[in-house]
Amino acid sequence: MYRQAGDTLVYDEDGLLKRGLVIRLLVLPNDIGGVRESLSWIRAELSPQVAVSLMAQYYPTNVAGTNQRYTLLSRRIRETEWLRAVAALEEFAIEEGWMQEYDGAAFYYRPDFDDAKTPFRDVRDFQS
């Protein structure tokens with residue numbers, strides 16, 4: 001994908017991304033996803049200008065939340081794990097991208113599939 005899109009993001013006049021590469025990195029408990037290694041690879045093999053979206057929204061569902069075999073994935077990430085991921089982003093000087101706020105990420109981005117009509121809520125639903 002990098003060979004096709006490069007590291008330049010192209011937006012339209014309304015600010016919507018029209019072209020480019022964004023790598024989404026979901027921080028997992030116990031660093032199962034290897035955030036530092038992933039960021040190191042992105043910087044070395046692609047470019048420090050590749051946009052990275054660092055996500056804090058992991059939460060265990062189904063088997064990950066109930067089966068002892070997946071105990072390392074059975075919880076949401078801790079704030080210390082999130083801070084290490086953010087520090088790695090800064091350490092590898094990834095220059096483009098976004099990161100979620102740690103507080104509320106697991107709640108806000110968690111769909112409510114019991115609500116078949118609107119499982120994905122709008123940000124305004126969480127404002128007081």
# chains A, B, ... in the order shown; residues from 1 in each chain; ligands from 1
$ residues_around --residues "Val50 (chain A)" --least-positions-apart "3" --cutoff "8 Å" --atoms "only C-alpha atoms" --output "MDAnalysis selection string"
chainID A and resid 6:8 21:23 42:43 46:47 94:97
$ residues_around --residues "Leu39 (chain A)" --least-positions-apart "5" --cutoff "10 Å" --atoms "only C-alpha atoms" --output "PyMOL selection string"
chain A and resi 23+25+34+44-45+48+52+85+88-94
$ write_last_selection --atoms "C-alpha atoms" --output "JSON list (two decimals), in the first residue's frame"
[["chain", "number", "residue", "atom", "x", "y", "z"],
["A", 23, "ILE", "CA", -1.77, 2.80, 9.61],
["A", 25, "LEU", "CA", -2.28, 0.54, 15.55],
["A", 34, "GLY", "CA", 4.32, -5.11, 19.76],
["A", 44, "ALA", "CA", 12.70, 2.11, 9.05],
["A", 45, "GLU", "CA", 10.90, 0.34, 6.21],
["A", 48, "PRO", "CA", 8.58, 8.64, 9.48],
["A", 52, "VAL", "CA", -0.26, 6.48, 12.32],
["A", 85, "ALA", "CA", 2.78, 3.32, 23.40],
["A", 88, "ALA", "CA", 7.23, 4.97, 21.58],
["A", 89, "LEU", "CA", 5.37, 7.11, 19.04],
["A", 90, "GLU", "CA", 7.41, 10.09, 20.21],
["A", 91, "GLU", "CA", 10.65, 8.07, 20.45],
["A", 92, "PHE", "CA", 10.42, 7.00, 16.82],
["A", 93, "ALA", "CA", 9.46, 10.55, 15.79],
["A", 94, "ILE", "CA", 6.44, 9.54, 13.76]]
$ closest_residue --among "A:Leu28, A:Trp41, A:Arg36, A:Ala51" --to "Ser74 (chain A)" --atoms "only C-alpha atoms"
A:Leu28
$ select_by_dssp --residues "region 28-85 of chain A" --states "alpha helix (DSSP H)" --output "list of chain:residue names"
A:Val35, A:Arg36, A:Glu37, A:Ser38, A:Leu39, A:Ser40, A:Trp41, A:Asn62, A:Val63, A:Ala64, A:Gly65, A:Thr66, A:Glu79, A:Thr80, A:Glu81, A:Trp82, A:Leu83, A:Arg84, A:Ala85
$ write_last_selection --atoms "N, CA, C and O atoms" --output "compact mmCIF listing (two decimals), in the first residue's frame"
# COMPACT_ATOMS: atom_id res chain seq x y z
N VAL A 35 3.83 -2.74 19.90
CA VAL A 35 3.75 -1.36 19.39
C VAL A 35 5.12 -0.81 19.03
O VAL A 35 5.31 -0.25 17.95
N ARG A 36 6.09 -0.94 19.92
CA ARG A 36 7.44 -0.40 19.63
C ARG A 36 8.01 -1.02 18.36
O ARG A 36 8.57 -0.33 17.52
N GLU A 37 7.90 -2.33 18.25
CA GLU A 37 8.43 -3.03 17.07
C GLU A 37 7.71 -2.58 15.80
O GLU A 37 8.33 -2.39 14.76
N SER A 38 6.41 -2.40 15.90
CA SER A 38 5.63 -1.94 14.74
C SER A 38 6.04 -0.54 14.32
O SER A 38 6.24 -0.27 13.13
N LEU A 39 6.17 0.36 15.29
CA LEU A 39 6.58 1.73 14.96
C LEU A 39 8.00 1.78 14.42
O LEU A 39 8.29 2.54 13.48
N SER A 40 8.87 0.98 14.97
CA SER A 40 10.24 0.91 14.47
C SER A 40 10.24 0.46 13.01
O SER A 40 10.95 1.02 12.17
N TRP A 41 9.44 -0.56 12.71
CA TRP A 41 9.37 -1.07 11.33
C TRP A 41 8.79 -0.01 10.39
O TRP A 41 9.32 0.19 9.29
N ASN A 62 -16.36 -11.76 23.78
CA ASN A 62 -16.53 -13.17 23.47
C ASN A 62 -15.45 -14.03 24.13
O ASN A 62 -15.25 -13.96 25.33
N VAL A 63 -14.70 -14.78 23.36
CA VAL A 63 -13.73 -15.73 23.89
C VAL A 63 -12.59 -15.02 24.62
O VAL A 63 -12.13 -15.48 25.66
N ALA A 64 -12.15 -13.89 24.12
CA ALA A 64 -11.03 -13.18 24.76
C ALA A 64 -11.37 -12.76 26.18
O ALA A 64 -10.49 -12.67 27.03
N GLY A 65 -12.63 -12.51 26.44
CA GLY A 65 -13.03 -12.08 27.76
C GLY A 65 -13.42 -13.20 28.71
O GLY A 65 -13.56 -12.98 29.91
N THR A 66 -13.55 -14.43 28.19
CA THR A 66 -14.06 -15.51 29.03
C THR A 66 -13.21 -16.77 29.07
O THR A 66 -13.30 -17.54 30.02
N GLU A 79 -3.48 2.26 31.72
CA GLU A 79 -2.97 3.58 31.35
C GLU A 79 -1.45 3.54 31.16
O GLU A 79 -0.93 4.21 30.27
N THR A 80 -0.74 2.77 31.96
CA THR A 80 0.72 2.68 31.80
C THR A 80 1.09 2.08 30.45
O THR A 80 2.06 2.50 29.83
N GLU A 81 0.30 1.11 29.98
CA GLU A 81 0.55 0.53 28.66
C GLU A 81 0.31 1.56 27.57
O GLU A 81 1.07 1.64 26.59
N TRP A 82 -0.73 2.35 27.74
CA TRP A 82 -1.03 3.41 26.78
C TRP A 82 0.09 4.45 26.76
O TRP A 82 0.55 4.87 25.70
N LEU A 83 0.56 4.85 27.93
CA LEU A 83 1.62 5.85 28.00
C LEU A 83 2.91 5.35 27.37
O LEU A 83 3.64 6.12 26.74
N ARG A 84 3.21 4.05 27.52
CA ARG A 84 4.39 3.48 26.85
C ARG A 84 4.24 3.52 25.33
O ARG A 84 5.19 3.79 24.61
N ALA A 85 3.03 3.26 24.85
CA ALA A 85 2.78 3.32 23.40
C ALA A 85 2.95 4.74 22.88
O ALA A 85 3.56 4.97 21.83
$ residues_around --residues "Arg78 (chain A)" --least-positions-apart "5" --cutoff "10 Å" --atoms "only C-alpha atoms" --output "ChimeraX atom specification"
/A:27-30,56,83,102
$ atom_distance --atom1 "CA of Gly20 (chain A)" --atom2 "CA of Trp98 (chain A)"
14.3 Å
$ closest_residue --among "A:Met99, A:Ala5, A:Thr71, A:Ser53" --to "Lys18 (chain A)" --atoms "only C-alpha atoms"
A:Ala5
$ atom_distance --atom1 "CA of Leu73 (chain A)" --atom2 "CA of Asp114 (chain A)"
23.0 Å
$ select_by_dssp --residues "chain A" --states "strand (DSSP E)" --output "PyMOL selection string"
chain A and resi 10-11+17-19+22-26+51-55+96-99
$ closest_residue --among "A:Ala116, A:Ile32, A:Met55, A:Arg24" --to "Val86 (chain A)" --atoms "only C-alpha atoms"
A:Met55
$ atom_distance --atom1 "CA of Tyr58 (chain A)" --atom2 "CA of Leu26 (chain A)"
6.9 Å
$ decode --residues "region 79-103 of chain A" --atoms "N, CA, C and O atoms" --output "mmCIF file, in the first residue's frame"
data_model
loop_
_atom_site.group_PDB
_atom_site.id
_atom_site.type_symbol
_atom_site.label_atom_id
_atom_site.label_comp_id
_atom_site.auth_asym_id
_atom_site.auth_seq_id
_atom_site.Cartn_x
_atom_site.Cartn_y
_atom_site.Cartn_z
ATOM 1 N N GLU A 79 -3.482 2.256 31.722
ATOM 2 C CA GLU A 79 -2.968 3.576 31.346
ATOM 3 C C GLU A 79 -1.453 3.545 31.155
ATOM 4 O O GLU A 79 -0.929 4.209 30.265
ATOM 5 N N THR A 80 -0.737 2.773 31.957
ATOM 6 C CA THR A 80 0.718 2.680 31.800
ATOM 7 C C THR A 80 1.088 2.078 30.450
ATOM 8 O O THR A 80 2.060 2.501 29.828
ATOM 9 N N GLU A 81 0.302 1.114 29.984
ATOM 10 C CA GLU A 81 0.554 0.525 28.662
ATOM 11 C C GLU A 81 0.314 1.562 27.569
ATOM 12 O O GLU A 81 1.066 1.643 26.591
ATOM 13 N N TRP A 82 -0.727 2.353 27.742
ATOM 14 C CA TRP A 82 -1.029 3.409 26.779
ATOM 15 C C TRP A 82 0.091 4.454 26.761
ATOM 16 O O TRP A 82 0.553 4.871 25.698
ATOM 17 N N LEU A 83 0.556 4.849 27.928
ATOM 18 C CA LEU A 83 1.619 5.853 27.998
ATOM 19 C C LEU A 83 2.914 5.348 27.369
ATOM 20 O O LEU A 83 3.641 6.118 26.743
ATOM 21 N N ARG A 84 3.207 4.049 27.520
ATOM 22 C CA ARG A 84 4.388 3.475 26.850
ATOM 23 C C ARG A 84 4.235 3.522 25.329
ATOM 24 O O ARG A 84 5.189 3.792 24.611
ATOM 25 N N ALA A 85 3.030 3.264 24.847
ATOM 26 C CA ALA A 85 2.784 3.317 23.397
ATOM 27 C C ALA A 85 2.946 4.742 22.875
ATOM 28 O O ALA A 85 3.564 4.968 21.830
ATOM 29 N N VAL A 86 2.424 5.707 23.615
ATOM 30 C CA VAL A 86 2.561 7.120 23.230
ATOM 31 C C VAL A 86 4.030 7.527 23.254
ATOM 32 O O VAL A 86 4.515 8.213 22.349
ATOM 33 N N ALA A 87 4.761 7.078 24.266
ATOM 34 C CA ALA A 87 6.193 7.390 24.355
ATOM 35 C C ALA A 87 6.949 6.795 23.167
ATOM 36 O O ALA A 87 7.863 7.424 22.626
ATOM 37 N N ALA A 88 6.577 5.595 22.735
ATOM 38 C CA ALA A 88 7.231 4.974 21.580
ATOM 39 C C ALA A 88 6.940 5.765 20.311
ATOM 40 O O ALA A 88 7.816 5.942 19.462
ATOM 41 N N LEU A 89 5.729 6.274 20.189
ATOM 42 C CA LEU A 89 5.373 7.111 19.038
ATOM 43 C C LEU A 89 6.293 8.328 18.986
ATOM 44 O O LEU A 89 6.812 8.686 17.933
ATOM 45 N N GLU A 90 6.522 8.933 20.129
ATOM 46 C CA GLU A 90 7.413 10.091 20.210
ATOM 47 C C GLU A 90 8.870 9.679 20.004
ATOM 48 O O GLU A 90 9.622 10.365 19.316
ATOM 49 N N GLU A 91 9.273 8.561 20.578
ATOM 50 C CA GLU A 91 10.647 8.074 20.449
ATOM 51 C C GLU A 91 11.030 7.846 18.990
ATOM 52 O O GLU A 91 12.133 8.202 18.573
ATOM 53 N N PHE A 92 10.122 7.279 18.223
ATOM 54 C CA PHE A 92 10.422 7.001 16.818
ATOM 55 C C PHE A 92 10.092 8.181 15.907
ATOM 56 O O PHE A 92 10.209 8.080 14.697
ATOM 57 N N ALA A 93 9.698 9.295 16.509
ATOM 58 C CA ALA A 93 9.457 10.555 15.794
ATOM 59 C C ALA A 93 8.550 10.365 14.579
ATOM 60 O O ALA A 93 8.819 10.872 13.501
ATOM 61 N N ILE A 94 7.453 9.645 14.805
ATOM 62 C CA ILE A 94 6.445 9.543 13.762
ATOM 63 C C ILE A 94 5.771 10.903 13.688
ATOM 64 O O ILE A 94 5.226 11.395 14.677
ATOM 65 N N GLU A 95 5.836 11.527 12.523
ATOM 66 C CA GLU A 95 5.484 12.937 12.406
ATOM 67 C C GLU A 95 4.023 13.218 12.069
ATOM 68 O O GLU A 95 3.548 14.317 12.238
ATOM 69 N N GLU A 96 3.313 12.224 11.564
ATOM 70 C CA GLU A 96 1.927 12.432 11.144
ATOM 71 C C GLU A 96 1.024 11.450 11.853
ATOM 72 O O GLU A 96 1.419 10.325 12.138
ATOM 73 N N GLY A 97 -0.203 11.874 12.103
ATOM 74 C CA GLY A 97 -1.173 10.938 12.635
ATOM 75 C C GLY A 97 -1.974 11.479 13.789
ATOM 76 O O GLY A 97 -1.982 12.679 14.060
ATOM 77 N N TRP A 98 -2.614 10.549 14.474
ATOM 78 C CA TRP A 98 -3.535 10.874 15.545
ATOM 79 C C TRP A 98 -3.417 9.824 16.634
ATOM 80 O O TRP A 98 -2.954 8.724 16.413
ATOM 81 N N MET A 99 -3.908 10.180 17.802
ATOM 82 C CA MET A 99 -4.047 9.187 18.857
ATOM 83 C C MET A 99 -5.314 9.493 19.631
ATOM 84 O O MET A 99 -5.703 10.642 19.782
ATOM 85 N N GLN A 100 -5.942 8.417 20.074
ATOM 86 C CA GLN A 100 -7.146 8.574 20.865
ATOM 87 C C GLN A 100 -6.773 9.030 22.272
ATOM 88 O O GLN A 100 -5.642 8.844 22.704
ATOM 89 N N GLU A 101 -7.737 9.596 22.952
ATOM 90 C CA GLU A 101 -7.570 9.878 24.367
ATOM 91 C C GLU A 101 -7.729 8.565 25.109
ATOM 92 O O GLU A 101 -8.575 7.746 24.747
ATOM 93 N N TYR A 102 -6.925 8.341 26.108
ATOM 94 C CA TYR A 102 -7.033 7.094 26.863
ATOM 95 C C TYR A 102 -8.359 7.000 27.608
ATOM 96 O O TYR A 102 -9.057 6.003 27.534
ATOM 97 N N ASP A 103 -8.700 8.051 28.327
ATOM 98 C CA ASP A 103 -9.934 8.038 29.118
ATOM 99 C C ASP A 103 -11.148 7.954 28.205
ATOM 100 O O ASP A 103 -11.325 8.773 27.326
#
